[in-house]
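*Asks:* I'm passing along structure_1.txt; it holds compact mmCIF, C-alpha atoms.
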```txt
# COMPACT_ATOMS: atom_id res chain seq x y z
CA MET A 1 1.32 -2.64 6.02
CA LYS A 2 -0.55 -3.41 2.82
CA TYR A 3 -2.15 -6.75 1.98
CA LYS A 4 -4.18 -8.06 -0.91
CA LEU A 5 -7.45 -9.23 0.64
CA THR A 6 -7.48 -12.54 -1.24
CA ASP A 7 -4.04 -13.34 0.21
CA ILE A 8 -5.19 -13.21 3.82
CA ILE A 9 -8.89 -14.20 3.90
CA ASP A 10 -11.29 -16.48 2.00
CA GLU A 11 -12.08 -15.32 -1.52
CA ASP A 12 -15.80 -15.31 -0.69
CA PHE A 13 -15.18 -12.98 2.23
CA ALA A 14 -12.89 -10.80 0.12
CA ALA A 15 -15.64 -10.42 -2.49
CA GLU A 16 -18.02 -9.15 0.20
CA LEU A 17 -15.57 -6.40 1.11
CA SER A 18 -15.10 -4.92 -2.35
CA VAL A 19 -18.08 -2.58 -2.66
CA ALA A 20 -17.04 0.28 -0.40
CA SER A 21 -14.14 1.86 1.48
CA ALA A 22 -14.37 1.26 5.21
CA ALA A 23 -12.12 1.75 8.23
CA GLY A 24 -11.92 0.22 11.69
CA ILE A 25 -10.20 2.03 14.56
CA ASP A 26 -9.41 0.09 17.75
CA ILE A 27 -8.24 2.29 20.61
CA GLY A 28 -7.05 -0.05 23.34
CA SER A 29 -5.72 0.76 26.78
CA ARG A 30 -2.12 0.65 25.58
CA GLY A 31 -2.14 0.12 21.81
CA ALA A 32 -4.15 1.72 19.00
CA LYS A 33 -4.78 -0.18 15.79
CA GLY A 34 -6.26 0.92 12.48
CA VAL A 35 -7.46 -1.06 9.46
CA LEU A 36 -8.65 0.31 6.12
CA ILE A 37 -10.22 -1.87 3.44
CA ASN A 38 -10.22 -0.23 0.03
CA ASN A 39 -10.29 -1.48 -3.55
CA GLY A 40 -9.42 -5.09 -2.73
CA TYR A 41 -6.59 -4.24 -0.34
CA LEU A 42 -6.24 -4.06 3.42
CA TYR A 43 -4.01 -1.53 5.16
CA THR A 44 -2.92 -1.68 8.80
CA VAL A 45 -1.25 0.68 11.24
CA LEU A 46 -0.30 0.29 14.90
CA LYS A 47 0.83 2.89 17.43
CA ALA A 48 0.75 3.54 21.15
CA SER A 49 -2.53 4.89 22.49
CA GLY A 50 -2.04 8.58 23.17
CA VAL A 51 -3.54 10.83 25.81
CA SER A 52 -6.35 11.83 23.43
CA SER A 53 -8.20 8.88 21.86
CA ASP A 54 -9.71 11.13 19.20
CA GLU A 55 -6.34 12.59 18.23
CA THR A 56 -4.78 9.12 18.06
CA ALA A 57 -7.69 7.89 15.91
CA HIS A 58 -7.27 10.73 13.43
CA GLU A 59 -3.54 10.04 13.20
CA LEU A 60 -4.30 6.38 12.44
CA LEU A 61 -6.84 7.33 9.78
CA GLU A 62 -4.47 9.82 8.16
CA THR A 63 -1.74 7.18 7.93
CA LEU A 64 -4.15 4.64 6.45
CA VAL A 65 -5.62 6.88 3.75
CA ASN A 66 -2.19 8.18 2.79
CA GLU A 67 -0.97 4.60 2.37
CA ALA A 68 -4.01 3.80 0.22
CA GLY A 69 -3.61 6.95 -1.87
CA ILE A 70 -7.05 8.31 -1.04
CA SER A 71 -8.41 11.06 1.20
CA ALA A 72 -10.46 10.74 4.38
CA LYS A 73 -13.58 11.95 2.54
CA ASP A 74 -13.33 8.85 0.31
CA VAL A 75 -13.97 6.59 3.32
CA ASP A 76 -17.63 5.57 3.33
CA PHE A 77 -17.95 4.49 6.96
CA ILE A 78 -15.82 4.16 10.10
CA VAL A 79 -16.44 1.95 13.13
CA GLY A 80 -14.56 2.57 16.35
CA THR A 81 -13.97 -0.01 19.05
CA GLY A 82 -11.95 -0.51 22.21
CA TYR A 83 -11.76 1.57 25.36
CA GLY A 84 -11.47 4.85 23.48
CA ARG A 85 -14.36 4.42 21.03
CA VAL A 86 -16.74 6.69 22.97
CA ALA A 87 -14.43 9.68 22.46
CA LEU A 88 -14.18 9.44 18.67
CA ASN A 89 -15.64 11.85 16.15
CA PHE A 90 -14.90 11.92 12.42
CA GLY A 91 -17.01 14.89 11.38
CA ASN A 92 -18.91 14.24 8.14
CA ILE A 93 -17.76 10.62 7.79
CA PRO A 94 -20.51 8.25 9.04
CA PHE A 95 -19.34 6.68 12.29
CA LYS A 96 -20.51 4.18 14.88
CA GLY A 97 -18.99 2.69 18.03
CA VAL A 98 -19.13 -1.10 18.47
CA THR A 99 -17.92 -3.16 21.44
CA GLU A 100 -14.50 -4.78 21.18
CA ILE A 101 -15.99 -8.20 21.95
CA THR A 102 -18.22 -8.03 18.86
CA CYS A 103 -15.38 -6.70 16.71
CA HIS A 104 -12.84 -9.31 17.84
CA ALA A 105 -15.34 -12.07 17.10
CA LEU A 106 -16.13 -10.72 13.64
CA GLY A 107 -12.47 -10.11 12.83
CA ALA A 108 -11.39 -13.57 13.97
CA HIS A 109 -14.24 -15.14 11.96
CA TYR A 110 -13.06 -13.47 8.76
CA MET A 111 -9.42 -14.26 9.51
CA ASN A 112 -10.21 -17.92 10.14
CA ARG A 113 -13.62 -19.08 8.97
CA GLY A 114 -13.90 -21.93 11.47
CA THR A 115 -13.17 -19.88 14.58
CA ARG A 116 -15.17 -21.11 17.57
CA THR A 117 -13.19 -19.73 20.50
CA ILE A 118 -11.18 -16.54 20.99
CA ILE A 119 -8.62 -15.81 23.67
CA ASP A 120 -8.13 -12.05 23.81
CA ILE A 121 -5.38 -10.70 26.06
CA GLY A 122 -4.87 -6.95 26.05
CA GLY A 123 -3.08 -4.46 28.20
CA GLN A 124 -5.62 -4.32 31.01
CA ASP A 125 -8.00 -7.22 30.57
CA SER A 126 -8.38 -10.71 29.18
CA LYS A 127 -11.43 -12.34 27.62
CA ALA A 128 -12.68 -15.74 26.54
CA ILE A 129 -15.21 -15.51 23.71
CA GLN A 130 -17.32 -18.23 22.12
CA VAL A 131 -18.17 -17.58 18.46
CA ASP A 132 -20.76 -19.00 16.08
CA PRO A 133 -18.57 -20.35 13.23
CA ASP A 134 -21.38 -19.77 10.73
CA ASN A 135 -21.55 -16.01 11.08
CA GLY A 136 -18.97 -14.72 13.58
CA ASN A 137 -21.58 -13.69 16.15
CA VAL A 138 -20.71 -13.86 19.85
CA THR A 139 -22.56 -16.64 21.64
CA GLU A 140 -20.89 -16.35 25.07
CA PHE A 141 -18.07 -14.41 26.68
CA ILE A 142 -16.44 -13.71 29.99
CA MET A 143 -13.97 -10.98 30.90
CA ASN A 144 -11.34 -10.43 33.55
CA ASP A 145 -11.04 -6.67 33.99
CA LYS A 146 -10.91 -6.50 37.80
CA CYS A 147 -7.41 -7.91 38.30
CA ALA A 148 -4.18 -7.38 36.37
CA ALA A 149 -3.33 -11.10 36.48
CA GLY A 150 -3.65 -12.59 33.02
CA THR A 151 -3.10 -9.26 31.23
CA GLY A 152 -0.37 -7.52 29.29
CA ARG A 153 0.19 -5.09 32.15
CA PHE A 154 1.15 -7.98 34.42
CA LEU A 155 3.65 -9.32 31.88
CA GLU A 156 5.07 -5.84 31.45
CA LYS A 157 5.66 -5.58 35.21
CA VAL A 158 7.38 -8.98 35.27
CA ALA A 159 9.61 -7.98 32.36
CA GLN A 160 10.70 -4.95 34.38
CA LEU A 161 11.48 -7.13 37.40
CA LEU A 162 13.63 -9.35 35.17
CA SER A 163 15.35 -6.34 33.53
CA LEU A 164 13.93 -7.31 30.13
CA ASP A 165 12.09 -5.42 27.44
CA LEU A 166 8.51 -6.63 27.12
CA ASP A 167 9.25 -7.92 23.60
CA GLU A 168 12.04 -10.08 25.05
CA LEU A 169 9.95 -11.77 27.74
CA GLY A 170 8.25 -14.36 25.53
CA GLU A 171 11.44 -15.38 23.76
CA CYS A 172 13.17 -15.66 27.12
CA ALA A 173 10.43 -18.04 28.32
CA LEU A 174 10.90 -20.25 25.25
CA ARG A 175 14.50 -20.93 26.32
CA SER A 176 13.45 -22.35 29.70
CA GLU A 177 14.38 -25.93 30.57
CA SER A 178 12.57 -26.06 33.93
CA PRO A 179 9.77 -23.50 34.36
CA ALA A 180 9.52 -22.07 37.87
CA GLU A 181 6.35 -22.80 39.83
CA ILE A 182 4.38 -19.60 40.37
CA SER A 183 1.58 -20.53 42.75
CA SER A 184 -0.13 -17.20 43.32
CA GLN A 185 -3.01 -15.97 41.15
CA CYS A 186 -2.65 -12.46 42.59
CA VAL A 187 -0.37 -9.97 40.86
CA VAL A 188 1.02 -8.55 44.10
CA PHE A 189 1.95 -11.95 45.50
CA ALA A 190 3.20 -13.22 42.13
CA GLU A 191 5.57 -10.25 41.97
CA SER A 192 6.84 -11.20 45.42
CA GLU A 193 7.39 -14.75 44.17
CA VAL A 194 9.40 -13.45 41.22
CA ILE A 195 11.62 -11.39 43.54
CA SER A 196 12.08 -14.41 45.82
CA LEU A 197 12.95 -16.69 42.89
CA LYS A 198 15.53 -14.18 41.64
CA ALA A 199 17.10 -14.10 45.10
CA LYS A 200 17.37 -17.91 45.03
CA GLY A 201 19.26 -17.77 41.75
CA VAL A 202 16.50 -19.15 39.50
CA SER A 203 17.21 -18.17 35.90
CA LYS A 204 15.31 -15.46 34.07
CA GLU A 205 14.26 -18.04 31.51
CA ASP A 206 12.67 -20.33 34.10
CA ILE A 207 10.96 -17.45 35.92
CA ALA A 208 9.60 -16.07 32.62
CA ALA A 209 8.28 -19.49 31.63
CA GLY A 210 6.66 -19.93 35.04
CA ILE A 211 4.95 -16.55 34.78
CA HIS A 212 3.60 -17.37 31.33
CA LEU A 213 2.21 -20.68 32.56
CA ALA A 214 0.62 -18.99 35.58
CA THR A 215 -0.99 -16.42 33.28
CA ALA A 216 -2.17 -19.20 30.96
CA ARG A 217 -3.80 -20.97 33.91
CA ARG A 218 -5.68 -17.77 34.70
CA VAL A 219 -6.94 -17.60 31.12
CA LYS A 220 -7.80 -21.30 31.17
CA GLY A 221 -10.09 -20.54 34.10
CA LEU A 222 -12.01 -18.10 31.90
CA LEU A 223 -12.21 -20.68 29.12
CA ARG A 224 -13.61 -23.30 31.48
CA ARG A 225 -16.37 -20.93 32.54
CA VAL A 226 -17.38 -19.99 29.00
CA GLY A 227 -16.62 -23.34 27.35
CA PHE A 228 -14.22 -23.76 24.46
CA ASP A 229 -13.72 -25.78 21.30
CA ASN A 230 -10.93 -26.28 18.80
CA ASP A 231 -10.31 -23.61 16.15
CA ILE A 232 -9.00 -21.22 18.79
CA VAL A 233 -7.72 -17.81 17.71
CA PHE A 234 -5.55 -15.72 20.03
CA THR A 235 -6.07 -11.95 19.66
CA GLY A 236 -4.94 -8.78 21.41
CA GLY A 237 -1.53 -7.23 21.91
CA VAL A 238 -0.19 -10.22 23.86
CA SER A 239 -0.86 -12.54 20.89
CA HIS A 240 2.57 -11.47 19.58
CA ASN A 241 4.18 -13.20 22.57
CA GLN A 242 5.25 -16.69 21.45
CA GLY A 243 6.00 -17.67 25.02
CA MET A 244 2.37 -17.03 25.86
CA VAL A 245 1.22 -18.97 22.79
CA ARG A 246 3.19 -22.01 23.95
CA ALA A 247 2.00 -21.65 27.55
CA LEU A 248 -1.64 -21.45 26.47
CA GLU A 249 -1.29 -24.48 24.20
CA THR A 250 0.34 -26.40 27.05
CA GLU A 251 -2.35 -25.50 29.57
CA ILE A 252 -5.43 -25.97 27.39
CA GLY A 253 -4.09 -28.98 25.49
CA SER A 254 -5.04 -27.59 22.11
CA SER A 255 -3.19 -25.73 19.37
CA ILE A 256 -3.88 -22.10 18.54
CA THR A 257 -4.76 -21.35 14.93
CA LYS A 258 -2.24 -19.26 13.01
CA THR A 259 -3.84 -16.55 10.87
CA LYS A 260 -2.41 -14.85 7.79
CA LEU A 261 -3.23 -11.42 9.17
CA ASP A 262 -1.54 -10.46 12.43
CA SER A 263 -4.25 -11.20 15.01
CA THR A 264 -3.31 -8.06 16.94
CA PHE A 265 -5.50 -6.37 14.34
CA ALA A 266 -8.53 -8.64 14.88
CA GLY A 267 -10.51 -5.93 16.67
CA ALA A 268 -9.72 -3.21 14.12
CA PHE A 269 -10.36 -5.63 11.25
CA GLY A 270 -13.71 -6.63 12.76
CA ALA A 271 -14.53 -2.94 13.16
CA ALA A 272 -13.77 -2.35 9.46
CA ILE A 273 -16.01 -5.28 8.50
CA SER A 274 -18.73 -3.86 10.75
CA ALA A 275 -18.26 -0.53 8.95
CA PHE A 276 -18.96 -2.30 5.64
CA GLN A 277 -22.12 -3.78 7.09
CA GLU A 278 -23.28 -0.45 8.49
CA ASN A 279 -22.59 1.26 5.18
CA ALA A 280 -24.63 -1.38 3.35
CA LYS A 281 -27.57 -0.66 5.69
CA LEU A 282 -27.16 3.07 5.05
CA GLN A 283 -27.20 2.56 1.28
CA TYR A 284 -30.27 0.35 1.57
CA VAL A 285 -32.16 3.03 3.50
CA ILE A 286 -31.15 5.68 0.98
```
Turn this file's structure into structure tokens for me.
*Replies:*
Amino acid sequence: MKYKLTDIIDEDFAAELSVASAAGIDIGSRGAKGVLINNGYLYTVLKASGVSSDETAHELLETLVNEAGISAKDVDFIVGTGYGRVALNFGNIPFKGVTEITCHALGAHYMNRGTRTIIDIGGQDSKAIQVDPDNGNVTEFIMNDKCAAGTGRFLEKVAQLLSLDLDELGECALRSESPAEISSQCVVFAESEVISLKAKGVSKEDIAAGIHLATARRVKGLLRRVGFDNDIVFTGGVSHNQGMVRALETEIGSSITKTKLDSTFAGAFGAAISAFQENAKLQYVI
């Protein structure tokens, strides 16, 4: 996808990102995202994470530069983030790895200038991040990466149990009239509850809604521990799921900010912004 920078972020921020060509590559556990900022435009690409993080990253970069009508050698700096960042190498193009927490915070800040809190739900973990609204720096964060509850992998498993595609699960939950009560915070026991509810004839819609609310409660627990304010941005692959958006808003009692750029790309966008900053430092040293 191609966007004019001034259409999706503040004009002041867009002006900052007009002096170089920079890319951000976010290799997550299940999805890989790429963002290229070049000549006042932003380009995005999304694909499944492959077996080789480096190979996937090069495929993302090739797609981005082709869309922009430039070559890889025209890119001034690349920042990698996500689980696969440590395996990346772009040869002669200056490169640095940056944590996904830092990149999500920076990306969300540029997508929505007032961002104070980020909910990030990916394939294998979920995070609550507090952000300084003045500069996009992380002030506090907490992560759940020890249990699948509250992650995309959990929702994927539930979708399978309900004979739904993952993309259908959220929409199914939105049609619920009486969400089922899912009491367990453990994935194994929650799966057993889903099977039991199916056997009792509870509708897919009500089970899906109950699962989303249970997942939202898990995330709310993270938010309580880190503290949260309004101006909440929801990032990560699960941010596409409107059933989860509604469940989170219900549980935390606050609306989630809608951004003009798909917030799935927050990490890759933040990585691209970080690449601009690193390139500026490089030019200053030279």
*Asks:* Can you list, as a PDB file with C-alpha atoms, in the frame of the given file, every protein, DNA or RNA residue that comes within 7 Å of Ile25 (chain A) when you count only C-alpha atoms, leaving out same-chain residues fewer than 2 positions away?
*Replies:*
```
ATOM      1  CA  ALA A  23     -12.120   1.750   8.230  1.00  0.00           C
ATOM      2  CA  ILE A  27      -8.240   2.290  20.610  1.00  0.00           C
ATOM      3  CA  LYS A  33      -4.780  -0.180  15.790  1.00  0.00           C
ATOM      4  CA  GLY A  34      -6.260   0.920  12.480  1.00  0.00           C
ATOM      5  CA  VAL A  35      -7.460  -1.060   9.460  1.00  0.00           C
ATOM      6  CA  ALA A  57      -7.690   7.890  15.910  1.00  0.00           C
ATOM      7  CA  VAL A  79     -16.440   1.950  13.130  1.00  0.00           C
ATOM      8  CA  GLY A  80     -14.560   2.570  16.350  1.00  0.00           C
ATOM      9  CA  THR A  81     -13.970  -0.010  19.050  1.00  0.00           C
ATOM     10  CA  ALA A 268      -9.720  -3.210  14.120  1.00  0.00           C
ATOM     11  CA  ALA A 271     -14.530  -2.940  13.160  1.00  0.00           C
TER      12      ALA A 271
END
```
*Asks:* List the neighbours of region 159-161 of chain A out to 10 Å using all atoms listed in the file; skip same-chain residues closer than 5 positions along the sequence, and give me the result as a list in words.
*Replies:*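 Residues meeting the cut-off are Arg153, Phe154, Leu166, Asp167, Glu168, Leu169, Gly170, Cys172, Glu191, Val194, Ile195, Lys198, Lys204 and Ala208 of chain A.
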*Asks:* Please report the interatomic distance between CA of Ile37 (chain A) and CA of Asp54 (chain A) in Å with one decimal.
*Replies:*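 Result for CA of Ile37 (chain A) versus CA of Asp54 (chain A): 20.4 Å, one decimal.
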*Asks:* Nearest residue to Tyr110 (chain A) out of A:Ser184, A:Asn89, A:Asn137, A:Thr250, using only C-alpha atoms?
*Replies:*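 When distances to Tyr110 (chain A) are compared using only C-alpha atoms, the smallest one comes from A:Asn137.
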*Asks:* Measuring between all atoms listed in the file, which one of A:Ser254, A:Thr264, A:Ser21, A:Asn144 shows the shortest distance to Val219 (chain A)?
*Replies:*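 Counting all atoms listed in the file, the residue closest to Val219 (chain A) is A:Asn144.
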*Asks:* Measuring atom to atom with only C-alpha atoms, identify which of A:Ile8, A:Leu36, A:Leu282, A:Ala15 is nearest to Lys258 (chain A).
*Replies:* A:Ile8
*Asks:* Is it possible to get the axis-aligned box enclosing region 56-70 of chain A (all listed atoms, 4 Å extra per side) as AutoDock Vina command-line options, with centre and edge lengths in Å rounded to one decimal?
*Replies:*
```
--center_x -4.3 --center_y 7.3 --center_z 8.1 --size_x 14.7 --size_y 14.9 --size_z 27.9
```
*Asks:* Could you pull the residues within 10 Å of Ser71 (chain A), counting all atoms listed in the file, minus those fewer than 5 positions along the same chain, as a ChimeraX atom specification?
*Replies:* /A:61-62,64-66
*Asks:* Kindly save the residues from that selection, with C-alpha atoms included, as a PDB file, in the frame of the given file.
*Replies:*
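Generated output (again_27.pdb):
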```
ATOM      1  CA  LEU A  61      -6.840   7.330   9.780  1.00  0.00           C
ATOM      2  CA  GLU A  62      -4.470   9.820   8.160  1.00  0.00           C
ATOM      3  CA  LEU A  64      -4.150   4.640   6.450  1.00  0.00           C
ATOM      4  CA  VAL A  65      -5.620   6.880   3.750  1.00  0.00           C
ATOM      5  CA  ASN A  66      -2.190   8.180   2.790  1.00  0.00           C
TER       6      ASN A  66
END
```
*Asks:* Would you pick out the contacts of Thr102 (chain A) at 10 Å or less, using only C-alpha atoms, so that residues sharing its chain but fewer than 4 positions from it are not included, and give the list as a list of chain:residue names?
*Replies:* A:Thr81, A:Val98, A:Leu106, A:Gly107, A:Ile129, A:Val131, A:Gly136, A:Asn137, A:Val138, A:Gly267, A:Gly270, A:Ala271, A:Ser274
*Asks:* Please identify all polymer residues within 8 Å of Met111 (chain A), counting all atoms listed in the file, omitting same-chain residues fewer than 3 positions from it, and present them as a list in words.
*Replies:*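 With the cut-off at 8 Å, the set is Ile8, Ile9, Gly107, Ala108, Thr259, Lys260, Leu261 and Ala266 of chain A.
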*Asks:* When you draw a straight line from CA of Glu251 (chain A) to CA of Leu213 (chain A), how long is it in Å?
*Replies:*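 So the two atoms, CA of Glu251 (chain A) and CA of Leu213 (chain A), lie 7.3 Å apart.
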*Asks:* Measure the distance from CA of Lys96 (chain A) to CA of Ile232 (chain A) in Å and round it to one decimal.
*Replies:*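 Computing it gives 28.2 Å between the two atoms.
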*Asks:* Would you kindly identify which residues have an atom no farther than 9 Å from (3.6, 1.6, 5.8), using all atoms listed in the file and the file's own coordinates, and write them out as a ChimeraX atom specification?
*Replies:* /A:1-2,43-45,63-64,67
